[in-house]
>>> print(open('data.txt').read())   # compact mmCIF, C-alpha atoms
# COMPACT_ATOMS: atom_id res chain seq x y z
CA MET A 12 -1.07 -192.43 -31.72
CA GLU A 13 -0.99 -193.87 -28.19
CA SER A 14 1.46 -196.57 -29.26
CA LEU A 15 3.87 -193.86 -30.43
CA ALA A 16 3.47 -191.65 -27.35
CA GLU A 17 6.06 -193.42 -25.20
CA PRO A 18 9.61 -194.33 -26.25
CA PRO A 19 10.66 -197.97 -25.81
CA HIS A 20 12.29 -198.85 -22.49
CA GLY A 21 15.60 -199.43 -24.20
CA CYS A 22 15.44 -196.45 -26.56
CA SER A 23 18.84 -195.92 -28.20
CA GLU A 24 18.16 -192.93 -30.47
CA CYS A 25 20.44 -190.42 -28.70
CA GLU A 26 24.00 -191.72 -28.39
CA ARG A 27 25.07 -189.25 -25.70
CA LEU A 28 22.02 -189.91 -23.53
CA VAL A 29 22.37 -193.68 -23.88
CA ALA A 30 26.01 -193.49 -22.82
CA TYR A 31 25.07 -191.34 -19.84
CA ARG A 32 22.28 -193.75 -18.87
CA ASN A 33 24.66 -196.69 -19.06
CA ASP A 34 27.21 -194.94 -16.85
CA ILE A 35 24.53 -194.21 -14.25
CA LYS A 36 23.22 -197.77 -14.44
CA ALA A 37 26.67 -199.18 -13.76
CA ALA A 38 26.85 -197.18 -10.54
CA ASN A 39 23.18 -197.50 -9.61
CA PRO A 40 21.74 -200.72 -11.06
CA ASP A 41 18.59 -200.51 -8.89
CA TRP A 42 17.50 -197.19 -10.41
CA PHE A 43 14.89 -196.95 -13.20
CA ASN A 44 17.59 -196.05 -15.76
CA ALA A 45 15.37 -195.71 -18.85
CA PRO A 46 13.19 -193.20 -20.68
CA VAL A 47 10.61 -192.05 -18.14
CA PRO A 48 7.00 -192.65 -19.23
CA SER A 49 4.15 -190.19 -18.85
CA PHE A 50 2.14 -190.34 -15.65
CA GLY A 51 -1.61 -189.86 -15.37
CA PRO A 52 -4.96 -190.81 -16.94
CA GLU A 53 -5.54 -190.85 -20.69
CA ASP A 54 -8.75 -188.81 -20.33
CA ALA A 55 -6.95 -185.89 -18.66
CA ARG A 56 -7.96 -182.35 -19.59
CA LEU A 57 -4.63 -180.97 -18.35
CA LEU A 58 -1.23 -182.04 -19.71
CA ILE A 59 1.84 -180.78 -17.86
CA VAL A 60 5.07 -180.76 -19.87
CA GLY A 61 8.42 -180.51 -18.12
CA LEU A 62 11.97 -180.42 -19.43
CA ALA A 63 13.55 -183.82 -18.73
CA PRO A 64 13.94 -186.37 -15.91
CA GLY A 65 16.14 -185.29 -13.02
CA LEU A 66 19.15 -187.46 -12.23
CA LYS A 67 18.12 -188.30 -8.66
CA GLY A 68 14.44 -187.70 -9.35
CA ALA A 69 12.53 -189.28 -12.22
CA HIS A 70 15.55 -191.10 -13.63
CA ARG A 71 15.91 -192.87 -10.30
CA THR A 72 12.22 -193.45 -9.53
CA GLY A 73 10.68 -193.85 -12.99
CA ARG A 74 7.91 -191.29 -12.45
CA PRO A 75 8.01 -187.66 -13.67
CA PHE A 76 9.01 -185.11 -11.03
CA THR A 77 9.31 -187.78 -8.36
CA GLY A 78 12.25 -187.72 -5.98
CA ASP A 79 13.59 -184.19 -6.43
CA TYR A 80 12.73 -180.70 -5.19
CA ALA A 81 10.73 -179.73 -8.28
CA GLY A 82 8.33 -182.57 -7.49
CA ASP A 83 7.82 -181.33 -3.94
CA LEU A 84 6.34 -178.06 -5.19
CA LEU A 85 4.56 -179.51 -8.22
CA TYR A 86 2.77 -182.37 -6.47
CA ALA A 87 1.86 -180.26 -3.42
CA THR A 88 0.26 -177.75 -5.78
CA LEU A 89 -1.54 -180.46 -7.75
CA ILE A 90 -2.99 -181.85 -4.53
CA ASP A 91 -4.08 -178.37 -3.39
CA TYR A 92 -5.87 -177.77 -6.70
CA GLY A 93 -7.53 -181.18 -6.93
CA PHE A 94 -5.36 -182.58 -9.72
CA ALA A 95 -3.82 -185.23 -7.47
CA LYS A 96 -4.96 -187.42 -4.58
CA GLY A 97 -2.97 -189.14 -1.88
CA THR A 98 0.31 -188.30 -0.22
CA TYR A 99 3.44 -187.50 -2.18
CA ARG A 100 6.41 -189.30 -0.65
CA ALA A 101 8.92 -188.90 -3.47
CA SER A 102 8.55 -192.55 -4.47
CA ALA A 103 6.78 -194.08 -7.45
CA ASP A 104 4.98 -196.51 -5.12
CA ASP A 105 3.62 -193.86 -2.73
CA GLY A 106 0.07 -194.48 -3.99
CA LEU A 107 -0.42 -190.92 -5.26
CA THR A 108 -2.74 -190.66 -8.26
CA LEU A 109 -3.42 -187.87 -10.72
CA GLU A 110 -6.93 -186.60 -11.38
CA ASP A 111 -7.77 -185.06 -14.78
CA CYS A 112 -4.06 -184.43 -15.28
CA MET A 113 -1.11 -186.10 -16.99
CA ILE A 114 2.59 -185.23 -16.61
CA THR A 115 5.24 -185.83 -19.26
CA ASN A 116 8.58 -184.36 -20.38
CA ALA A 117 9.84 -182.83 -23.60
CA VAL A 118 12.91 -185.08 -23.34
CA ARG A 119 12.33 -188.50 -21.80
CA CYS A 120 15.89 -189.45 -20.84
CA VAL A 121 18.05 -187.77 -18.23
CA PRO A 122 20.58 -185.40 -19.84
CA PRO A 123 23.98 -184.53 -18.38
CA ALA A 124 23.78 -181.35 -16.26
CA ASN A 125 20.03 -181.32 -17.00
CA LYS A 126 20.78 -179.76 -20.40
CA PRO A 127 19.61 -181.67 -23.48
CA THR A 128 21.07 -180.63 -26.81
CA THR A 129 18.99 -179.19 -29.60
CA ALA A 130 19.36 -182.45 -31.50
CA GLU A 131 18.18 -184.49 -28.50
CA ILE A 132 15.12 -182.27 -28.08
CA LYS A 133 14.33 -182.70 -31.77
CA THR A 134 14.79 -186.48 -31.59
CA CYS A 135 12.35 -186.78 -28.70
CA GLN A 136 9.83 -184.39 -30.26
CA PRO A 137 7.73 -187.09 -32.00
CA TYR A 138 6.91 -188.69 -28.64
CA LEU A 139 5.51 -185.43 -27.27
CA THR A 140 3.59 -184.82 -30.49
CA ALA A 141 2.07 -188.30 -30.31
CA ARG A 142 1.37 -187.97 -26.59
CA LEU A 143 -0.50 -184.73 -27.12
CA SER A 144 -2.44 -186.15 -30.06
CA SER A 145 -3.44 -189.21 -28.05
CA LEU A 146 -5.17 -187.19 -25.32
CA HIS A 147 -8.60 -186.67 -26.82
CA SER A 148 -9.95 -184.76 -23.80
CA VAL A 149 -7.00 -182.44 -23.30
CA ARG A 150 -7.86 -178.73 -23.17
CA ILE A 151 -4.92 -177.15 -21.35
CA VAL A 152 -1.18 -177.67 -21.66
CA LEU A 153 0.99 -176.31 -18.87
CA ALA A 154 4.53 -175.74 -20.16
CA LEU A 155 7.14 -175.65 -17.40
CA GLY A 156 9.97 -173.61 -18.86
CA ARG A 157 11.00 -172.46 -22.31
CA ILE A 158 12.13 -175.82 -23.70
CA ALA A 159 8.79 -177.40 -22.79
CA HIS A 160 7.02 -174.37 -24.26
CA ASP A 161 8.96 -174.53 -27.53
CA SER A 162 8.42 -178.29 -27.80
CA VAL A 163 4.66 -177.87 -27.46
CA VAL A 164 4.66 -175.09 -30.06
CA THR A 165 6.58 -177.35 -32.45
CA SER A 166 4.10 -180.17 -31.77
CA ARG A 167 1.33 -177.89 -32.97
CA GLY A 168 3.21 -176.93 -36.14
CA MET A 169 3.43 -173.29 -35.10
CA LYS A 170 6.32 -170.82 -35.34
CA LYS A 171 8.11 -170.19 -32.06
CA SER A 172 8.36 -166.48 -32.87
CA ALA A 173 4.57 -166.27 -32.98
CA VAL A 174 4.14 -167.82 -29.52
CA PRO A 175 6.54 -166.08 -27.10
CA PHE A 176 7.19 -167.64 -23.70
CA GLY A 177 6.22 -165.72 -20.59
CA HIS A 178 5.33 -166.72 -17.06
CA CYS A 179 1.54 -167.08 -16.66
CA ARG A 180 1.08 -166.14 -20.31
CA VAL A 181 -1.84 -167.82 -22.06
CA HIS A 182 -1.69 -168.95 -25.70
CA ASP A 183 -4.44 -170.17 -28.02
CA LEU A 184 -3.04 -173.18 -29.87
CA GLY A 185 -6.15 -173.78 -31.94
CA ASP A 186 -8.70 -176.60 -32.01
CA GLY A 187 -9.82 -175.78 -28.47
CA LEU A 188 -6.33 -176.22 -26.98
CA THR A 189 -4.77 -173.58 -24.73
CA MET A 190 -1.22 -173.41 -23.38
CA VAL A 191 -0.29 -171.73 -20.12
CA ASP A 192 3.38 -170.98 -19.43
CA SER A 193 5.22 -171.13 -16.13
CA TYR A 194 8.79 -170.86 -15.06
CA HIS A 195 10.03 -174.33 -14.22
CA CYS A 196 9.51 -175.31 -10.58
CA SER A 197 13.19 -176.16 -10.13
CA ARG A 198 15.13 -175.53 -6.96
CA TYR A 199 17.20 -172.90 -8.79
CA ASN A 200 14.14 -170.88 -9.78
CA THR A 201 12.50 -171.09 -6.38
CA ASN A 202 15.71 -170.40 -4.43
CA THR A 203 16.42 -167.29 -6.51
CA GLY A 204 12.86 -166.02 -6.23
CA ARG A 205 12.26 -166.22 -9.95
CA LEU A 206 9.33 -168.50 -9.12
CA THR A 207 7.50 -168.21 -5.81
CA PRO A 208 4.69 -170.47 -4.54
CA GLU A 209 2.33 -167.53 -5.03
CA MET A 210 3.40 -167.19 -8.67
CA PHE A 211 2.94 -170.92 -9.21
CA ASN A 212 -0.50 -170.78 -7.58
CA ALA A 213 -1.43 -167.95 -9.96
CA VAL A 214 -0.71 -170.28 -12.88
CA PHE A 215 -3.05 -172.91 -11.48
CA ASP A 216 -5.70 -170.29 -10.71
CA GLU A 217 -5.54 -169.43 -14.41
CA ILE A 218 -5.81 -173.10 -15.41
CA LYS A 219 -8.81 -173.66 -13.14
CA GLY A 220 -10.49 -170.62 -14.62
CA LEU A 221 -9.88 -171.80 -18.17
CA LEU A 222 -11.30 -175.23 -17.34
CA GLY A 223 -14.34 -173.60 -15.75
CA ASP A 224 -13.78 -175.34 -12.42
>>> encode(input="data.txt", output="structure tokens")
Amino acid sequence: MESLAEPPHGCSECERLVAYRNDIKAANPDWFNAPVPSFGPEDARLLIVGLAPGLKGAHRTGRPFTGDYAGDLLYATLIDYGFAKGTYRASADDGLTLEDCMITNAVRCVPPANKPTTAEIKTCQPYLTARLSSLHSVRIVLALGRIAHDSVVTSRGMKKSAVPFGHCRVHDLGDGLTMVDSYHCSRYNTNTGRLTPEMFNAVFDEIKGLLGD
């Protein structure tokens, strides 16, 4: 399954996303400009699933949550909780490494206005399913936002209505796998107070407890 877990660098399955990528590449040829691969070790017990690469974040740098505000909060929290080592400098070559944790996205290519269509989410679904299946040590999935949550539920062959999203809600996905939900750590959510650092810390307290650390 590992060979199916990452889309090819020149993936052309979603016409709208390919056209958007090409437009960005024309203006910014030195950016990554491709489906963003997962980041972290294959023996991770924690898999974090986000929505999609940010335009000036992962789409530019080639590493999930790297280069935008959401990454500032996420990586600072991962370092605080021992899931990352080093210094996050918003660059893929900052030397930061993940410990017992992998980060991926439900949709691997940057979507216009950060809003993938239902069809684009469905097209990218097999990569998340394969990614999850390839992680033989994974015990916890952290879903950042409803789209990530729904994509994980679909990967497990479960009905979305049976697994409702809710911040800091814990779901048994079977076979020893647990999902924990969080509001996405986007600037919008943090600026509006929908997600505070204390709320995000509570999610990681829950994860640490579930892992027995």
>>> atom_distance(input="data.txt", atom1="CA of Leu146 in chain A", atom2="CA of Tyr92 in chain A")
20.9 Å
>>> atom_distance(input="data.txt", atom1="CA of Ala63 in chain A", atom2="CA of Lys96 in chain A")
23.6 Å
>>> closest_residue(input="data.txt", among="A:Ala30, A:Pro48, A:Gly61, A:Ser23", to="Ser197 in chain A", atoms="only C-alpha atoms")
A:Gly61
>>> closest_residue(input="data.txt", among="A:His195, A:Lys67, A:Arg205, A:Arg100", to="Asn39 in chain A", atoms="only C-alpha atoms")
A:Lys67
>>> residues_around(input="data.txt", residues="range 157-159 of chain A", least_positions_apart="3", cutoff="6 Å", atoms="all atoms listed in the file", output="VMD selection string")
chain A and resid 60 to 62 117 154 162
>>> closest_residue(input="data.txt", among="A:Thr129, A:Met169, A:Arg27, A:Gly51", to="Gly185 in chain A", atoms="all atoms listed in the file")
A:Met169
>>> closest_residue(input="data.txt", among="A:Leu143, A:Cys25, A:Val118, A:Met210", to="Leu57 in chain A", atoms="only C-alpha atoms")
A:Leu143
>>> residues_around(input="data.txt", residues="Leu206 in chain A", least_positions_apart="2", cutoff="9 Å", atoms="all atoms listed in the file", output="number ranges by chain")
A: 193-197, 200-204, 208-211
>>> closest_residue(input="data.txt", among="A:Ile35, A:Cys179, A:Ile114, A:Val163", to="Asn212 in chain A", atoms="all atoms listed in the file")
A:Cys179
>>> atom_distance(input="data.txt", atom1="CA of Phe43 in chain A", atom2="CA of Arg71 in chain A")
5.1 Å
>>> residues_around(input="data.txt", residues="Ser102 in chain A", least_positions_apart="3", cutoff="8 Å", atoms="all atoms listed in the file", output="mmCIF file with C-alpha atoms, keeping the file's coordinate frame")
data_model
loop_
_atom_site.group_PDB
_atom_site.id
_atom_site.type_symbol
_atom_site.label_atom_id
_atom_site.label_comp_id
_atom_site.auth_asym_id
_atom_site.auth_seq_id
_atom_site.Cartn_x
_atom_site.Cartn_y
_atom_site.Cartn_z
ATOM 1 C CA THR A 72 12.220 -193.450 -9.530
ATOM 2 C CA THR A 77 9.310 -187.780 -8.360
ATOM 3 C CA GLY A 78 12.250 -187.720 -5.980
ATOM 4 C CA TYR A 99 3.440 -187.500 -2.180
ATOM 5 C CA ASP A 105 3.620 -193.860 -2.730
#
>>> residues_around(input="data.txt", residues="Leu28 in chain A", least_positions_apart="3", cutoff="7 Å", atoms="all atoms listed in the file", output="list in words")
Cys25, Tyr31, Arg32, Cys120, Val121 and Pro122 of chain A
>>> residues_near_point(input="data.txt", point="(-1.1, -190.4, -28.2)", cutoff="9 Å", atoms="only C-alpha atoms", output="ChimeraX atom specification")
/A:12-17,53,138-147
>>> closest_residue(input="data.txt", among="A:Val47, A:Leu84, A:Met190, A:Leu184", to="Thr207 in chain A", atoms="all atoms listed in the file")
A:Leu84
>>> build_atoms(input="data.txt", residues="range 145-157 of chain A", atoms="N, CA and C atoms", output="PDB file, in the coordinates of the input")
ATOM      1  N   SER A 145      -2.714-188.060 -28.599  1.00  0.00           N
ATOM      2  CA  SER A 145      -3.440-189.210 -28.050  1.00  0.00           C
ATOM      3  C   SER A 145      -4.442-188.823 -26.972  1.00  0.00           C
ATOM      4  N   LEU A 146      -4.310-187.620 -26.427  1.00  0.00           N
ATOM      5  CA  LEU A 146      -5.170-187.190 -25.320  1.00  0.00           C
ATOM      6  C   LEU A 146      -6.389-186.468 -25.892  1.00  0.00           C
ATOM      7  N   HIS A 147      -7.442-187.210 -26.113  1.00  0.00           N
ATOM      8  CA  HIS A 147      -8.600-186.670 -26.820  1.00  0.00           C
ATOM      9  C   HIS A 147      -9.416-185.687 -25.987  1.00  0.00           C
ATOM     10  N   SER A 148      -9.203-185.683 -24.666  1.00  0.00           N
ATOM     11  CA  SER A 148      -9.950-184.760 -23.800  1.00  0.00           C
ATOM     12  C   SER A 148      -9.127-183.557 -23.382  1.00  0.00           C
ATOM     13  N   VAL A 149      -7.866-183.498 -23.789  1.00  0.00           N
ATOM     14  CA  VAL A 149      -7.000-182.440 -23.300  1.00  0.00           C
ATOM     15  C   VAL A 149      -7.467-181.059 -23.775  1.00  0.00           C
ATOM     16  N   ARG A 150      -7.471-180.105 -22.852  1.00  0.00           N
ATOM     17  CA  ARG A 150      -7.860-178.730 -23.170  1.00  0.00           C
ATOM     18  C   ARG A 150      -6.771-177.719 -22.828  1.00  0.00           C
ATOM     19  N   ILE A 151      -5.960-178.064 -21.816  1.00  0.00           N
ATOM     20  CA  ILE A 151      -4.920-177.150 -21.350  1.00  0.00           C
ATOM     21  C   ILE A 151      -3.580-177.870 -21.331  1.00  0.00           C
ATOM     22  N   VAL A 152      -2.549-177.189 -21.818  1.00  0.00           N
ATOM     23  CA  VAL A 152      -1.180-177.670 -21.660  1.00  0.00           C
ATOM     24  C   VAL A 152      -0.443-176.664 -20.793  1.00  0.00           C
ATOM     25  N   LEU A 153       0.143-177.139 -19.706  1.00  0.00           N
ATOM     26  CA  LEU A 153       0.990-176.310 -18.870  1.00  0.00           C
ATOM     27  C   LEU A 153       2.439-176.592 -19.237  1.00  0.00           C
ATOM     28  N   ALA A 154       3.133-175.588 -19.766  1.00  0.00           N
ATOM     29  CA  ALA A 154       4.530-175.740 -20.160  1.00  0.00           C
ATOM     30  C   ALA A 154       5.420-175.187 -19.058  1.00  0.00           C
ATOM     31  N   LEU A 155       6.240-176.053 -18.475  1.00  0.00           N
ATOM     32  CA  LEU A 155       7.140-175.650 -17.400  1.00  0.00           C
ATOM     33  C   LEU A 155       8.506-175.317 -18.001  1.00  0.00           C
ATOM     34  N   GLY A 156       8.709-174.058 -18.298  1.00  0.00           N
ATOM     35  CA  GLY A 156       9.970-173.610 -18.860  1.00  0.00           C
ATOM     36  C   GLY A 156       9.940-173.474 -20.367  1.00  0.00           C
ATOM     37  N   ARG A 157      10.971-172.803 -20.882  1.00  0.00           N
ATOM     38  CA  ARG A 157      11.000-172.460 -22.310  1.00  0.00           C
ATOM     39  C   ARG A 157      11.141-173.678 -23.209  1.00  0.00           C
TER      40      ARG A 157
END
